[in-house]
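Peer 1: Just one file: target.csv, with CSV, C-alpha atoms.
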chain,number,residue,atom,x,y,z
A,1,MET,CA,0.0,0.0,0.0
A,2,LEU,CA,1.0,3.6,-0.4
A,3,PRO,CA,0.5,4.9,3.2
A,4,GLU,CA,-0.7,8.4,2.3
A,5,ALA,CA,-2.9,7.3,-0.5
A,6,GLU,CA,-6.7,7.1,-0.3
A,7,TYR,CA,-8.4,4.0,-1.6
A,8,GLY,CA,-12.1,3.4,-2.1
A,9,VAL,CA,-14.3,0.3,-1.6
A,10,PHE,CA,-16.3,-0.6,-4.6
A,11,ALA,CA,-19.2,-3.1,-5.0
A,12,MET,CA,-18.8,-5.8,-7.7
A,13,LYS,CA,-21.3,-7.8,-9.6
A,14,ASN,CA,-20.4,-11.0,-7.7
A,15,ASP,CA,-21.3,-9.6,-4.2
A,16,GLU,CA,-17.7,-8.9,-3.5
A,17,PHE,CA,-16.1,-5.7,-2.5
A,18,TYR,CA,-12.8,-4.5,-4.0
A,19,VAL,CA,-10.4,-2.0,-2.4
A,20,MET,CA,-8.5,0.0,-5.0
A,21,SER,CA,-7.8,3.5,-6.3
A,22,GLU,CA,-10.8,5.4,-7.7
A,23,ARG,CA,-8.9,5.7,-11.0
A,24,ALA,CA,-8.8,1.9,-11.3
A,25,ALA,CA,-12.4,1.5,-10.2
A,26,ARG,CA,-13.4,3.8,-13.1
A,27,ASN,CA,-11.8,1.3,-15.5
A,28,PHE,CA,-13.3,-1.7,-13.7
A,29,SER,CA,-16.8,-0.2,-14.0
A,30,PHE,CA,-16.5,0.0,-17.8
A,31,GLN,CA,-15.3,-3.6,-18.0
A,32,GLU,CA,-18.6,-5.1,-16.7
A,33,LEU,CA,-17.1,-5.8,-13.2
A,34,THR,CA,-19.0,-3.4,-11.0
A,35,VAL,CA,-22.6,-3.8,-10.0
A,36,GLU,CA,-23.7,-1.2,-12.6
A,37,TYR,CA,-21.9,-0.6,-15.9
A,38,GLY,CA,-20.0,2.7,-15.9
A,39,LYS,CA,-20.9,3.5,-12.3
A,40,TYR,CA,-18.2,3.4,-9.6
A,41,PRO,CA,-19.5,4.9,-6.3
A,42,SER,CA,-17.1,4.5,-3.5
A,43,LEU,CA,-18.9,2.9,-0.5
A,44,ALA,CA,-16.1,3.8,2.0
A,45,LYS,CA,-12.7,5.5,2.0
A,46,VAL,CA,-9.7,4.0,3.5
A,47,THR,CA,-6.1,5.1,3.6
A,48,GLY,CA,-3.1,3.0,2.9
A,49,GLN,CA,-2.0,3.6,6.5
A,50,ASP,CA,-5.3,2.3,7.8
A,51,LEU,CA,-4.7,-1.1,6.1
A,52,ILE,CA,-1.1,-1.5,7.1
A,53,GLY,CA,-0.7,-4.5,9.4
A,54,LYS,CA,-4.0,-6.1,8.4
A,55,ALA,CA,-3.8,-9.8,7.9
A,56,LEU,CA,-4.4,-11.0,4.3
A,57,SER,CA,-4.9,-14.2,2.4
A,58,ALA,CA,-3.0,-13.9,-0.9
A,59,PRO,CA,-3.9,-16.4,-3.7
A,60,LEU,CA,-1.3,-19.2,-4.4
A,61,SER,CA,1.1,-17.7,-1.9
A,62,HIS,CA,3.5,-19.9,0.0
A,63,TYR,CA,2.5,-18.1,3.2
A,64,GLU,CA,-1.0,-18.8,4.4
A,65,LYS,CA,-1.3,-15.4,6.0
A,66,VAL,CA,0.6,-12.2,5.0
A,67,TYR,CA,0.2,-8.6,6.1
A,68,ALA,CA,-0.4,-5.4,4.2
A,69,LEU,CA,2.8,-3.3,4.2
A,70,PRO,CA,3.8,0.2,3.2
A,71,MET,CA,5.7,0.7,-0.1
A,72,THR,CA,6.6,4.3,-0.8
A,73,THR,CA,7.3,3.9,-4.5
A,74,ILE,CA,3.8,2.9,-5.6
A,75,SER,CA,2.3,5.1,-8.3
A,76,MET,CA,-1.5,5.8,-8.0
A,77,GLU,CA,-1.5,6.6,-11.8
A,78,LYS,CA,-0.9,2.9,-12.7
A,79,GLY,CA,-2.7,-0.2,-11.8
A,80,THR,CA,-4.9,-0.2,-8.6
A,81,GLY,CA,-2.4,1.6,-6.3
A,82,ILE,CA,-2.0,-1.8,-4.5
A,83,VAL,CA,0.8,-4.2,-5.5
A,84,THR,CA,1.7,-7.8,-4.6
A,85,SER,CA,5.1,-8.4,-3.1
A,86,VAL,CA,7.3,-11.0,-4.7
A,87,PRO,CA,10.7,-10.5,-3.0
A,88,SER,CA,12.3,-13.5,-4.7
A,89,ASP,CA,11.9,-12.2,-8.2
A,90,SER,CA,11.0,-8.5,-8.1
A,91,PRO,CA,14.0,-6.3,-7.1
A,92,ASP,CA,11.6,-3.5,-6.1
A,93,ASP,CA,9.7,-5.8,-3.8
A,94,TRP,CA,12.8,-7.2,-2.2
A,95,ALA,CA,14.4,-3.8,-1.6
A,96,ALA,CA,11.1,-2.5,0.0
A,97,LEU,CA,10.7,-5.6,2.2
A,98,ARG,CA,14.4,-5.6,3.2
A,99,ASP,CA,14.1,-1.9,4.2
A,100,LEU,CA,11.2,-2.8,6.5
A,101,GLN,CA,13.0,-5.8,7.9
A,102,THR,CA,16.2,-4.0,8.7
A,103,LYS,CA,15.3,-0.4,9.4
A,104,ALA,CA,13.6,0.1,12.8
A,105,GLY,CA,13.1,3.8,12.0
A,106,LEU,CA,11.1,3.0,8.9
A,107,ARG,CA,8.9,0.5,10.7
A,108,GLU,CA,8.3,3.1,13.4
A,109,LYS,CA,7.3,5.7,10.9
A,110,TYR,CA,4.5,3.5,9.4
A,111,ASN,CA,3.6,1.7,12.6
A,112,VAL,CA,4.9,-1.6,11.3
A,113,GLU,CA,5.5,-4.5,13.7
A,114,GLU,CA,8.4,-6.9,13.2
A,115,ALA,CA,6.0,-9.8,13.1
A,116,TRP,CA,4.4,-8.4,9.9
A,117,CYS,CA,7.6,-8.4,7.8
A,118,VAL,CA,10.7,-10.0,9.5
A,119,PRO,CA,9.5,-13.6,9.4
A,120,PHE,CA,8.8,-13.4,5.6
A,121,ALA,CA,11.9,-14.6,3.8
A,122,PRO,CA,11.9,-14.6,0.0
A,123,VAL,CA,10.6,-18.0,-1.4
A,124,PRO,CA,12.4,-19.7,-4.3
A,125,ILE,CA,9.8,-20.0,-7.1
A,126,ILE,CA,11.7,-19.4,-10.4
A,127,ASN,CA,15.2,-20.6,-11.4
A,128,ILE,CA,17.2,-18.5,-13.8
A,129,PRO,CA,20.5,-20.2,-14.7
A,130,GLU,CA,22.5,-17.0,-14.5
A,131,PHE,CA,21.0,-15.8,-11.2
A,132,GLY,CA,19.9,-18.9,-9.3
A,133,ASP,CA,16.6,-19.4,-7.3
A,134,LEU,CA,16.4,-16.0,-5.8
A,135,THR,CA,17.0,-13.6,-8.7
A,136,ALA,CA,15.9,-10.4,-7.0
A,137,VAL,CA,18.0,-11.0,-3.9
A,138,LYS,CA,21.1,-11.7,-6.1
A,139,LEU,CA,20.6,-8.7,-8.3
A,140,VAL,CA,20.0,-6.3,-5.4
A,141,GLU,CA,23.3,-7.6,-3.9
A,142,ASP,CA,25.3,-7.6,-7.1
A,143,LEU,CA,24.2,-4.0,-8.0
A,144,LYS,CA,24.8,-2.9,-4.4
A,145,ILE,CA,21.3,-1.5,-4.1
A,146,ALA,CA,20.9,0.2,-0.7
A,147,SER,CA,17.2,0.9,-0.5
A,148,GLN,CA,13.9,1.0,-2.3
A,149,LYS,CA,14.7,4.6,-3.3
A,150,ASP,CA,17.6,3.6,-5.6
A,151,THR,CA,15.2,3.8,-8.5
A,152,ALA,CA,17.7,3.9,-11.4
A,153,LEU,CA,19.6,0.8,-10.2
A,154,LEU,CA,16.3,-1.0,-9.4
A,155,LYS,CA,15.1,-0.4,-12.9
A,156,GLN,CA,18.3,-1.9,-14.2
A,157,ALA,CA,17.9,-4.9,-12.0
A,158,LYS,CA,14.2,-5.3,-13.0
A,159,ASP,CA,15.1,-5.2,-16.7
A,160,LYS,CA,17.8,-7.8,-16.2
A,161,ALA,CA,15.7,-10.1,-14.2
A,162,TYR,CA,12.8,-10.0,-16.7
A,163,LEU,CA,14.8,-10.2,-19.9
A,164,LYS,CA,16.7,-13.3,-18.8
A,165,GLY,CA,13.8,-14.7,-16.8
A,166,PHE,CA,11.2,-14.6,-19.5
A,167,TYR,CA,12.8,-17.2,-21.8
A,168,GLU,CA,15.3,-18.9,-19.5
A,169,GLY,CA,13.6,-18.9,-16.1
A,170,LYS,CA,11.8,-22.0,-15.1
A,171,LEU,CA,9.0,-22.4,-12.5
A,172,LEU,CA,10.0,-24.4,-9.4
A,173,VAL,CA,6.5,-24.7,-8.0
A,174,GLY,CA,2.8,-24.7,-8.8
A,175,ILE,CA,0.6,-25.7,-11.6
A,176,ALA,CA,3.2,-24.9,-14.3
A,177,LYS,CA,6.2,-26.3,-12.4
A,178,GLY,CA,9.1,-27.1,-14.8
A,179,GLU,CA,7.8,-24.7,-17.6
A,180,THR,CA,9.5,-21.6,-18.7
A,181,VAL,CA,8.2,-18.2,-17.5
A,182,GLU,CA,7.1,-17.5,-21.0
A,183,LYS,CA,4.9,-20.7,-21.1
A,184,SER,CA,3.8,-20.6,-17.5
A,185,LYS,CA,2.4,-17.1,-17.6
A,186,PRO,CA,-0.8,-17.8,-19.5
A,187,ILE,CA,-1.2,-21.1,-17.6
A,188,VAL,CA,-1.1,-19.6,-14.2
A,189,LYS,CA,-3.2,-16.6,-15.4
A,190,GLN,CA,-6.0,-18.9,-16.6
A,191,HIS,CA,-5.7,-20.9,-13.3
A,192,LEU,CA,-6.2,-17.8,-11.3
A,193,PHE,CA,-9.2,-16.8,-13.3
A,194,ASP,CA,-10.8,-20.3,-13.2
A,195,GLU,CA,-10.4,-20.4,-9.4
A,196,LYS,CA,-11.9,-16.9,-9.0
A,197,MET,CA,-8.7,-15.8,-7.4
A,198,ALA,CA,-8.2,-13.0,-10.0
A,199,VAL,CA,-10.1,-11.0,-12.6
A,200,PRO,CA,-8.8,-9.7,-16.0
A,201,TYR,CA,-8.2,-5.9,-15.7
A,202,TYR,CA,-7.3,-3.5,-18.5
A,203,GLU,CA,-6.1,0.1,-18.5
A,204,PRO,CA,-4.4,2.2,-21.2
A,205,GLU,CA,-0.7,1.3,-21.5
A,206,GLY,CA,0.0,5.0,-21.4
A,207,LYS,CA,-1.8,8.3,-20.8
A,208,VAL,CA,-4.6,9.0,-23.3
A,209,VAL,CA,-6.4,12.3,-23.4
A,210,SER,CA,-9.3,12.8,-25.8
A,211,ARG,CA,-9.6,16.0,-27.9
A,212,THR,CA,-12.5,16.9,-25.5
A,213,GLY,CA,-10.0,16.8,-22.6
A,214,ASP,CA,-11.1,13.6,-21.0
A,215,ASN,CA,-8.6,11.2,-19.4
A,216,CYS,CA,-9.4,8.0,-21.3
A,217,ILE,CA,-10.0,4.6,-19.8
A,218,VAL,CA,-10.4,1.1,-21.2
A,219,ALA,CA,-13.9,-0.2,-21.7
A,220,SER,CA,-15.3,-3.5,-23.0
A,221,CYS,CA,-17.2,-2.4,-26.1
A,222,TYR,CA,-19.4,-4.2,-28.5
A,223,GLN,CA,-18.9,-3.0,-32.1
A,224,TRP,CA,-17.7,-4.0,-35.6
A,225,PHE,CA,-14.1,-4.8,-36.2
A,226,MET,CA,-11.9,-5.5,-39.3
A,227,ARG,CA,-9.7,-8.5,-39.1
A,228,TYR,CA,-6.4,-6.6,-39.5
A,229,GLY,CA,-4.5,-9.1,-37.5
A,230,GLU,CA,-5.1,-12.2,-39.6
A,231,GLU,CA,-2.0,-14.3,-39.5
A,232,GLU,CA,-2.2,-15.4,-43.1
A,233,TRP,CA,-2.4,-11.8,-44.3
A,234,LYS,CA,0.4,-10.7,-42.0
A,235,GLU,CA,2.6,-13.5,-43.3
A,236,PHE,CA,1.8,-12.4,-46.9
A,237,VAL,CA,2.9,-8.8,-46.0
A,238,ARG,CA,6.0,-10.0,-44.2
A,239,SER,CA,7.1,-12.1,-47.2
A,240,HIS,CA,6.6,-9.0,-49.4
A,241,LEU,CA,8.8,-7.0,-47.0
A,242,LYS,CA,11.6,-9.6,-47.3
A,243,SER,CA,11.3,-9.8,-51.1
A,244,ASP,CA,13.3,-7.8,-53.7
A,245,ASP,CA,10.1,-5.9,-54.6
A,246,PHE,CA,10.4,-4.0,-51.3
A,247,LYS,CA,13.2,-1.5,-50.5
A,248,ALA,CA,13.2,0.3,-47.2
A,249,TYR,CA,16.6,1.9,-47.8
A,250,ASN,CA,17.6,1.6,-44.2
A,251,THR,CA,17.3,-1.2,-41.7
A,252,LYS,CA,15.6,0.9,-39.1
A,253,THR,CA,12.6,1.5,-41.4
A,254,GLN,CA,12.6,-2.1,-42.3
A,255,HIS,CA,12.4,-3.0,-38.7
A,256,GLU,CA,9.7,-0.5,-38.0
A,257,PHE,CA,7.5,-2.2,-40.6
A,258,GLU,CA,8.1,-5.6,-39.0
A,259,ILE,CA,7.1,-4.2,-35.5
A,260,ILE,CA,3.9,-2.6,-36.9
A,261,ILE,CA,2.9,-5.8,-38.7
A,262,ASP,CA,3.3,-7.8,-35.4
A,263,TRP,CA,1.4,-5.2,-33.5
A,264,LEU,CA,-1.7,-5.1,-35.9
A,265,LYS,CA,-4.7,-6.8,-34.6
A,266,GLU,CA,-8.5,-6.5,-35.0
A,267,TRP,CA,-9.3,-2.9,-35.6
A,268,GLY,CA,-12.6,-1.1,-34.6
A,269,CYS,CA,-14.1,0.4,-37.6
A,270,THR,CA,-17.4,1.9,-36.3
A,271,ARG,CA,-18.5,4.7,-33.9
A,272,THR,CA,-21.9,5.6,-32.4
A,273,GLN,CA,-21.7,9.4,-32.2
A,274,GLY,CA,-20.7,12.3,-34.4
A,275,LEU,CA,-20.9,12.7,-38.2
A,276,GLY,CA,-20.3,9.8,-40.5
A,277,THR,CA,-21.7,7.4,-43.1
A,278,LEU,CA,-24.1,4.8,-41.6
A,279,LEU,CA,-22.8,1.3,-41.6
A,280,PRO,CA,-24.9,-0.3,-44.5
A,281,TRP,CA,-25.9,-3.4,-42.5
A,282,ASP,CA,-26.3,-2.0,-39.0
A,283,ASP,CA,-27.4,1.6,-38.7
A,284,LYS,CA,-26.8,1.9,-35.0
A,285,PHE,CA,-23.2,2.5,-36.1
A,286,LYS,CA,-21.4,4.9,-38.4
A,287,VAL,CA,-18.2,4.1,-40.3
A,288,GLU,CA,-15.2,5.3,-38.3
A,289,SER,CA,-13.4,8.2,-40.1
A,290,LEU,CA,-9.8,7.9,-41.2
A,291,SER,CA,-7.2,10.3,-40.1
A,292,ASP,CA,-5.4,12.4,-42.7
A,293,SER,CA,-2.1,10.5,-42.2
A,294,THR,CA,-3.9,7.3,-43.1
A,295,ILE,CA,-5.3,8.8,-46.2
A,296,TYR,CA,-1.9,10.1,-47.4
A,297,MET,CA,-0.5,6.6,-47.3
A,298,ALA,CA,-3.4,5.1,-49.0
A,299,TYR,CA,-3.3,7.8,-51.7
A,300,TYR,CA,0.5,7.4,-52.3
A,301,THR,CA,0.1,3.7,-53.1
A,302,VAL,CA,-2.2,4.5,-56.0
A,303,ALA,CA,-1.1,8.0,-56.9
A,304,GLY,CA,1.3,6.8,-59.6
A,305,LEU,CA,-1.5,5.1,-61.4
A,306,LEU,CA,-3.9,8.0,-61.5
B,1,MET,CA,-15.3,-7.1,-46.7
B,2,LYS,CA,-18.3,-8.3,-44.6
B,3,GLU,CA,-19.3,-10.9,-47.2
B,4,ILE,CA,-15.8,-12.5,-47.2
B,5,GLY,CA,-15.8,-12.5,-43.3
B,6,LYS,CA,-13.2,-9.8,-42.8
B,7,VAL,CA,-15.5,-7.7,-40.6
B,8,PHE,CA,-17.1,-9.0,-37.4
B,9,TYR,CA,-19.2,-7.9,-34.5
B,10,GLY,CA,-17.6,-8.5,-31.1
B,11,LYS,CA,-16.5,-7.4,-27.7
B,12,LYS,CA,-13.2,-5.9,-27.3
B,13,TYR,CA,-11.3,-3.9,-24.7
B,14,THR,CA,-11.0,-0.4,-26.3
B,15,ILE,CA,-9.6,2.9,-25.3
B,16,TYR,CA,-12.7,4.8,-24.3
B,17,SER,CA,-13.8,8.3,-23.2
B,18,GLU,CA,-16.4,8.4,-20.5
B,19,LEU,CA,-17.1,12.1,-21.3
B,20,ASP,CA,-17.7,11.4,-25.1
B,21,LYS,CA,-19.5,8.1,-24.3
B,22,GLN,CA,-17.7,6.2,-27.0
B,23,PRO,CA,-14.3,4.7,-28.0
B,24,CYS,CA,-11.6,7.2,-28.5
B,25,ALA,CA,-9.8,6.4,-31.7
B,26,ASP,CA,-6.3,7.7,-32.5
B,27,HIS,CA,-7.5,10.8,-34.3
B,28,ASP,CA,-9.8,11.8,-31.5
B,29,ARG,CA,-6.9,12.1,-29.1
B,30,SER,CA,-4.8,15.1,-28.0
B,31,THR,CA,-2.3,12.8,-26.2
B,32,GLY,CA,-1.6,9.1,-26.6
B,33,GLU,CA,-1.6,8.2,-30.3
B,34,GLY,CA,-1.0,4.5,-30.8
B,35,VAL,CA,-1.6,3.7,-27.1
B,36,GLY,CA,-3.7,0.5,-26.6
B,37,PRO,CA,-5.2,-1.4,-23.7
B,38,GLN,CA,-2.7,-3.2,-21.4
B,39,GLU,CA,-4.1,-6.4,-19.9
B,40,TYR,CA,-3.3,-7.0,-16.2
B,41,VAL,CA,-4.3,-9.8,-13.8
B,42,GLY,CA,-6.3,-8.3,-10.9
B,43,ILE,CA,-5.2,-10.4,-8.0
B,44,LYS,CA,-7.8,-10.7,-5.2
B,45,ILE,CA,-6.1,-10.5,-1.8
B,46,LYS,CA,-8.7,-11.3,0.9
B,47,LEU,CA,-8.9,-9.0,3.8
B,48,LEU,CA,-8.9,-11.1,7.0
B,49,GLU,CA,-9.0,-8.2,9.5
B,50,TYR,CA,-10.8,-4.9,9.0
B,51,PRO,CA,-9.6,-1.5,9.9
B,52,ASP,CA,-12.0,0.8,11.8
B,53,SER,CA,-12.9,2.7,8.7
B,54,LEU,CA,-14.2,-0.6,7.1
B,55,LYS,CA,-16.0,-2.1,10.2
B,56,SER,CA,-19.3,-1.9,8.3
B,57,PHE,CA,-18.0,-4.6,5.9
B,58,VAL,CA,-17.3,-7.2,8.5
B,59,GLY,CA,-18.9,-10.5,7.3
B,60,LYS,CA,-18.6,-9.5,3.7
B,61,ASN,CA,-16.0,-10.5,1.1
B,62,VAL,CA,-13.6,-7.7,0.9
B,63,PHE,CA,-10.4,-8.0,-1.3
B,64,LEU,CA,-7.5,-5.7,-1.9
B,65,VAL,CA,-7.0,-5.9,-5.6
B,66,ALA,CA,-3.5,-5.7,-7.1
B,67,ALA,CA,-2.9,-5.4,-10.8
B,68,THR,CA,0.1,-7.5,-11.9
B,69,LEU,CA,1.8,-8.4,-15.2
B,70,ARG,CA,3.5,-11.4,-13.5
B,71,PRO,CA,0.8,-13.8,-12.4
B,72,GLU,CA,3.3,-16.7,-12.6
B,73,THR,CA,5.1,-15.2,-9.6
B,74,MET,CA,2.2,-15.3,-7.2
B,75,TYR,CA,3.6,-18.5,-5.6
B,76,GLY,CA,6.2,-16.4,-3.8
For this file, produce the structure as structure tokens.
Peer 2:
Amino acid sequence: MLPEAEYGVFAMKNDEFYVMSERAARNFSFQELTVEYGKYPSLAKVTGQDLIGKALSAPLSHYEKVYALPMTTISMEKGTGIVTSVPSDSPDDWAALRDLQTKAGLREKYNVEEAWCVPFAPVPIINIPEFGDLTAVKLVEDLKIASQKDTALLKQAKDKAYLKGFYEGKLLVGIAKGETVEKSKPIVKQHLFDEKMAVPYYEPEGKVVSRTGDNCIVASCYQWFMRYGEEEWKEFVRSHLKSDDFKAYNTKTQHEFEIIIDWLKEWGCTRTQGLGTLLPWDDKFKVESLSDSTIYMAYYTVAGLL
Amino acid sequence: MKEIGKVFYGKKYTIYSELDKQPCADHDRSTGEGVGPQEYVGIKIKLLEYPDSLKSFVGKNVFLVAATLRPETMYG
């Protein structure tokens, strides 16, 4: 928890109550999770400090009971404002836990008892050949990271751990034991959803502001899509990129094309408000307009023939 | 395109403006061109003890929800 942050309590469809930032609840409400779509009234307010020291049951955790602890580096602009702590594999989590375990002054500041943090040693869950069974502990030591405030070094440690771990790391425990991190991720995710221990949650991967000045969210929407991401079609374009018929003139541009083709997926092509041509087979929708930069590209491909 | 099955009706997680009451496409944005939805796993961590400010929820299922990109590490 971020001690000074304010969290809300929000009622979900399934008679459960979720504690999170209001910003996250706004996203939740448009993803068919709250009692009423698009509504996110907070039933109570609670600060991070109020929750510190409260006993928790964390899904799949090695420890039957854990305690809510303070973490000063949490951003309220990302996620729910609450984070899990995986000190074995997240350098940030290990640095924050170690600060609490070893610094009496810090514990005092946030009213943290030793019993809530000292007995919780990092648990080996993933082996990465280069780093061993406790990657975060090793990297924090190797890079001589002194505290959770060493953000630049921690970022470096996190990137190292994840880059190596994703393909080479293997799970030592659980339902995907023996699998690589890459393969186990979707397996454990589905397991968490199936067991109702977690819900899928989406938010914009970066800040999005509409031209009307609204901070955008992610909503589950029903509308018409074009299959831009079809693998067969992508492969066709990729082979064209590699052929002699295509010249990018420099490798960076060539690479950009490859990235964009990988990134393309189904593409929404309708809207419900504003001006536009009605969709011929469903007049609740209008055809989404194209931006000028899209039209230039389309025009240049045929300009030579006109 | 519809006849050959290249257009379909479906549900998708989309960048959306609450104010405009509709999806916010690239050209409707003043910030964030090309930004898409990021999927997280919302981990439900059950509250076993309630602070005073949440006493009215005693007996109900209250969870702290943490959004993670690393569900495979929840064993730790």
Peer 1: With 6 Å as the limit and counting only C-alpha atoms, what residues in chain B lie close to chain A? Please list them as JSON, numbers by chain.
Peer 2: {"B": [6, 7, 8, 9, 10, 11, 12, 13, 14, 15, 16, 17, 27, 28, 29, 30, 31, 32, 36, 37, 38, 39, 40, 41, 42, 43, 44, 45, 46, 47, 48, 49, 61, 62, 63, 64, 66, 67, 71, 72, 74, 75, 76]}
Peer 1: What separation in Å, quoted to one decimal, exists between atom CA of Lys158 of chain A and atom CA of Ala146 of chain A?
Peer 2: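 Atom CA of Ala146 of chain A lies at a distance of 15.0 Å from atom CA of Lys158 of chain A.
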Peer 1: Which value, in Å to one decimal, gives the distance between atom CA of Lys109 of chain A and atom CA of Pro70 of chain A?
Peer 2: 10.1 Å
Peer 1: So how far away is atom CA of Thr135 of chain A from atom CA of Asp92 of chain A, in Å?
Peer 2: 11.7 Å
Peer 1: Would you compute an axis-aligned box for segment 59-64 of chain B, covering every atom listed for it in the file with 6 Å of margin on each side, and report centre and edge lengths in Å to one decimal as lines of an AutoDock Vina configuration file?
Peer 2:
center_x = -13.2
center_y = -8.1
center_z = 2.7
size_x = 23.4
size_y = 16.8
size_z = 21.2
Peer 1: Set the distance at 7 Å and use only C-alpha atoms: which residues neighbour Leu264 of chain A once local chain neighbours fewer than 3 positions away are removed? I'd like the list as number ranges by chain.
Peer 2: A: 228-229, 260-261
